[in-house]
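Student: Below are the structure tokens for one structure; questions will follow.
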Amino acid sequence: MIIDDETKFAIKALESGNSTEVNGYVIGSALAPIQIRAIKEILENYKFDVIKTTPSGISAARLKPR
Amino acid sequence: MPEGSAPTPESRVETPPGIVFALVLALIIGSFMVVMPLVRLATDPVVISPDLPSHKQNAETLLYFLTFVVFLPFWLWQGPKIVDLISRGSSGAGLGALAGVLTGLLAASIALVRVSANLPWGAGIRAILLAGVIWSLIAGAALFRASRGTEWRALTSLAGQESRIWISAGALTAVAAVSPVRYGHVDTLALVLGLLVAALITFSYGRVNLPDIPRGWKLVVNAVVVLLVLLAVPDMVILAVERGGIDNAFAVNIIQFHQNLWLGAASQVTGGSALLVDTVSQYGIAPIYLIAGFFKLTEINHLTLGIFDGVLSAGVFATGYLVLRAAGVRTLLATFALAIGVVALVWDLTYPMGGLLQHGALRFGLPMLVVAFQVAGARWPRFGRASNFASLAVVGLSSIWALEAFIYVSVTWFALLLLRLSWEPAGGRMRWMLRRVAEVVAAWVFTQVLFALLTLLASGSLPDWGLYLSYLRDFLTGDIGDLTYDFTPWSRGFIVAGVYVASAIGLTLIATSASGYALAKKPAMVALATLTGYGIGLFSYYDNRSLDHVLPYVSLPALLVATIWLSLWLDAGPRISLLYRRTGLAAACVGAAMLVSVAMPAAATRSKDSLLAYVIPGGTSLSSGFDRIRNPPEFTPGASEGASLVEQYMPGRSKVAVLTKPDLDTEIHIRSDTISSLGIFDANEQSWVPGPHEGTVDEGVAELGPAMS
């Protein structure tokens with residue numbers, strides 16, 4: 001999976017349970033609500049494991065079962 | 001005629017059409033000046049968020065319907081009756097003077113309010129309301145008094161001053177007509193040069209006779225003009241990311257955001273999805289398939305998408321030229337009109353042609369095919385049956401294009417039917433109309449059945465129109481539909497709307513009171529009817545998205561309509577005196593000079609990005625221009641790196657999971673030639689209307705595994 005810093009922020013906020021959500025958006029992240037929904041679904045079963053990050057902050061990640 | 005008796009049909013022929021035209025137009029504008037402020041003042045603004053302007057879209061929608069569906073037909077019905085009543089009464093000799101005075105007063109009141117910004121009463125809608133009420137009271141009282149049986153001596157004594165009154169009214173009308181122009185936007189040098197050219201043309205008219213070129217050479221000239229238009233309209237740069245600067249960065253962001261709304265759905269289709277089965281787009285069905293078909297021929301990216309729409313838009317402009325020629329407009333005038341059109345409606349766009357497909361040929365251009373087919377059928381009657389068949393095919397196609405195109409094509413067709421209805425014998429009009437309606441319904445049904453069968457064959461499922469309707473529901477009545485913009489005060493959109501209203505009035509008066517002339521000028525009348533209908537339909541978009549930068553996209557029909565009316569005016573021969581014809585030409589030339597001077601110098605700069613500039617030797621080569629289109633630079637930082645990661649860790653896959661901020665994900669997919677395994681093809685749009693997409697995304701997530709997903 002390819003993710004970026006916005007995704008990482010949303011993942012961290014959702015995993016911590018401290019995220020503030022308004023109309024499906026996670027405050028602080030530029031991801032759209034349907035993407036937040038997908039991340040929530042993924043986090044139910046998996047954790048994101050970043051394996052490489054480019055200078056621009058784009059990362060390749062794999063999913064690890066919880 | 002005794003007071004109160006109904007005018008006979010014969011009396012209509014005697015009524016001077018210019019007076020009826022002026023009075024009907026004045027009554028419509030006067031009605032608007034009263035009702036518009038009342039509707040706006042009575043409507044509560046919709047507040048979206050602190051960052052976005054509030055709006056009164058409901059008021060603007062109501063005003064659009066009141067103007068085109070209530071005021072226009074009502075005054076076209078009542079106006080000629082009032083004129084007939086007065087002209088046949090004892091004050092009839094003063095009718096022309098009365099119409100001139102009322103026209104001049106209305107124009108003066110508009111101009112006065114416009115220049116009153118720094119006066120105590122201001123230039124706002126309350127001032128417009130006051131001006132409208134005062135004019136309406138004066139007009140109502142004067143028309144009532146003039147229509148009474150006893151002579152109104154104060155009026156009839158003005159009969160000898162009619163010419164002077166109309167000269168004054170004409171001058172005031174010219175001032176009122178340009179009142180929406182913001183003079184801070186005018187390029188002085190361009191205006192001076194334009195006015196010099198206007199003076200030269202006006203002086204030469206009637207004095208210099210151009211040689212009549214042979215038919216073969218006319219065809220060559222037409223071909224050259226069409227080629228020039230086809231080259232001048234498409235923009236080769238579109239996303240000027242290499243030029244840097246905040247303005248360019250902002251434009252790239254806006255264009256990318258809007259293009260992704262098309263690219264996402266089209267890339268899903270190229271990846272094997274069927275519209276209304278696996279996926280859906282707010283921009284309809286046929287345009288997305290058309291883009292997907294184009295992407296079978298070339299690379300998928302923002303620039304190929306932009307150039308595709310740019311070329312289609314060029315086709316619409318070139319077709320506009322051919323429509324003018326087929327309607328009887330002379331080569332020089334038609335060429336001049338298209339040159340103005342390219343400068344003002346293409347090179348002066350805020351965003352380059354092909355940047356915002358939301359306003360391009362894919363969305364707005366379909367009715368031009370109906371116009372072209374119908375004018376061709378009128379110009380060359382032996383192709384009449386074929387042109388009708390082709391037009392009905394377009395009418396049918398509009399039912400699977402998109403809601404907007406369906407509306408524009410339907411209004412265009414309706415306007416044509418009204419014109420053709422006036423040519424039918426009175427006794428059989430109902431039957432004739434029912435047959436035409438049946439043809440339209442048959443075209444829709446045939447196209448829908450064919451589309452359903454093709455979708456079934458390709459995907460194994462029938463199309464689910466509920467997916468598209470859910471989009472329409474949310475965009476028309478949901479929260480996302482509230483994201484709209486009001487007219488700016490003194491918007492130039494009022495000039496465009498005025499052209500359509502005036503054209504509808506002129507056409508109706510000719511069709512109903514000078515049917516012999518209308519039949520003799522059939523191609524021009526058909527062109528006027530279809531283009532006016534097209535324009536009125538298209539203006540509904542601007543009524544909704546009333547940003548100033550959107551106006552050029554809905555103004556091509558107005559330019560073509562104005563050109564045809566000018567052509568008829570200039571070719572009227574002895575029916576209209578040389579002085580009046582020259583005055584009309586001068587007014588049109590000054591209008592053209594204003595259009596160009598407002599467009600400059602931005603248009604001159606933008607012209608350097610046109611395909612035409614790339615073809616002309618000395619600039620950027622054509623091959624390097626197309627090479628950039630096929631291998632575009634990175635528009636969103638990180639997109640190339642994201643694509644490299646896809647190739648490194650997920651090689652050979654056609655579907656991959658990319659979860660990044662919107663727009664970056666789309667560009668990563670484009671650069672890696674993949675589509676989303678999560679079913680997320682445009683996260684913004686899918687979030688606005690999530691209903692049709694949530695199940696697909698859930699399925700995509702469920703299929704993810706612990707491997708390199």
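Please note that chains go A, B, ... in the order of the structure tokens, that every chain numbers its residues from 1, and that ligands are numbered from 1 in the order shown.
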Only residues of chain A matter here; which ones have an atom within 8 Å of chain B, counting only C-alpha atoms? Give them as a PyMOL selection string.

Tutor: chain A and resi 1-7+30-35+38+41-42+46+54+56-65

Student: Write out as a list in words the residues lying within 7 Å of region 540-543 of chain B, counting only C-alpha atoms and excluding same-chain residues fewer than 5 positions away.

Tutor: Glu60, Thr61, Tyr64, Val550 and Leu551 of chain B

Student: Which of chain A end up as alpha helix (DSSP H) when DSSP is run on this backbone - answer as a list of chain:residue names?

Tutor: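 The alpha helix (DSSP H) subset of chain A is A:Asp5, A:Glu6, A:Thr7, A:Lys8, A:Phe9, A:Ala10, A:Ile11, A:Lys12, A:Ala13, A:Leu14, A:Glu15, A:Ser16, A:Pro33, A:Ile34, A:Gln35, A:Ile36, A:Arg37, A:Ala38, A:Ile39, A:Lys40, A:Glu41, A:Ile42, A:Leu43.
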
Student: Identify, on the basis of only C-alpha atoms, every residue whose closest approach to Glu15 (chain A) does not exceed 10 Å; exclude the query and any residue fewer than 4 positions from it along the same chain; express the result as an MDAnalysis selection string.

Tutor: chainID A and resid 9:11 19 40 43:44 47

Student: With only C-alpha atoms as the counted atoms, please give the residues lying no more than 12 Å from Ala588 (chain B), apart from itself and same-chain residues fewer than 2 positions off, as a PyMOL selection string.

Tutor: chain B and resi 174+177-178+194-195+197-199+201-202+333+336-337+340+559+562-567+569-570+581-586+590-595

Student: Can you tell me, as a ChimeraX atom specification, what residues are no more than 8 Å from region 273-275 of chain B when counting only C-alpha atoms, ignoring any on the same chain fewer than 5 positions away?

Tutor: /B:268,280-281,285,455,458-459,463

Student: Grab the residues selected above and save them as a compact mmCIF listing (two decimals), in the first residue's frame with all heavy atoms.

Tutor:
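Output below, filename again-v2.txt:
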```txt
# COMPACT_ATOMS: atom_id res chain seq x y z
N GLN B 268 -11.51 4.28 -14.09
CA GLN B 268 -12.20 3.07 -13.66
C GLN B 268 -12.78 2.32 -14.86
O GLN B 268 -12.74 1.10 -14.94
CB GLN B 268 -13.34 3.41 -12.69
CG GLN B 268 -12.88 3.90 -11.33
CD GLN B 268 -12.13 2.83 -10.55
OE1 GLN B 268 -10.92 2.91 -10.40
NE2 GLN B 268 -12.84 1.83 -10.06
N VAL B 280 -19.85 5.19 -11.05
CA VAL B 280 -20.78 6.25 -11.42
C VAL B 280 -20.01 7.58 -11.40
O VAL B 280 -19.01 7.70 -10.69
CB VAL B 280 -21.98 6.28 -10.45
CG1 VAL B 280 -21.53 6.52 -9.02
CG2 VAL B 280 -23.02 7.31 -10.86
N SER B 281 -20.47 8.52 -12.19
CA SER B 281 -19.84 9.84 -12.21
C SER B 281 -20.92 10.91 -12.17
O SER B 281 -21.99 10.75 -12.77
CB SER B 281 -19.01 10.01 -13.48
OG SER B 281 -18.68 11.38 -13.66
N ILE B 285 -22.85 9.77 -18.24
CA ILE B 285 -22.46 8.45 -18.74
C ILE B 285 -21.65 8.57 -20.04
O ILE B 285 -20.47 8.22 -20.09
CB ILE B 285 -23.72 7.57 -18.96
CG1 ILE B 285 -24.39 7.31 -17.63
CG2 ILE B 285 -23.34 6.25 -19.61
CD1 ILE B 285 -25.42 8.30 -17.20
N THR B 455 -24.94 -2.33 -22.10
CA THR B 455 -24.40 -2.48 -20.74
C THR B 455 -24.56 -3.92 -20.28
O THR B 455 -23.65 -4.51 -19.66
CB THR B 455 -25.13 -1.52 -19.78
OG1 THR B 455 -25.01 -0.19 -20.25
CG2 THR B 455 -24.56 -1.61 -18.38
N ALA B 458 -21.97 -6.07 -22.01
CA ALA B 458 -20.59 -5.80 -21.59
C ALA B 458 -20.33 -6.21 -20.14
O ALA B 458 -19.22 -6.63 -19.81
CB ALA B 458 -20.28 -4.32 -21.77
N SER B 459 -21.33 -6.04 -19.27
CA SER B 459 -21.07 -6.24 -17.84
C SER B 459 -21.89 -7.36 -17.21
O SER B 459 -21.63 -7.76 -16.08
CB SER B 459 -21.36 -4.94 -17.09
OG SER B 459 -22.75 -4.67 -17.11
N PRO B 463 -28.08 -1.37 -16.45
CA PRO B 463 -27.66 -0.14 -15.75
C PRO B 463 -28.61 0.22 -14.61
O PRO B 463 -29.83 0.10 -14.75
CB PRO B 463 -27.70 0.92 -16.86
CG PRO B 463 -28.56 0.37 -17.93
CD PRO B 463 -28.46 -1.12 -17.85
```
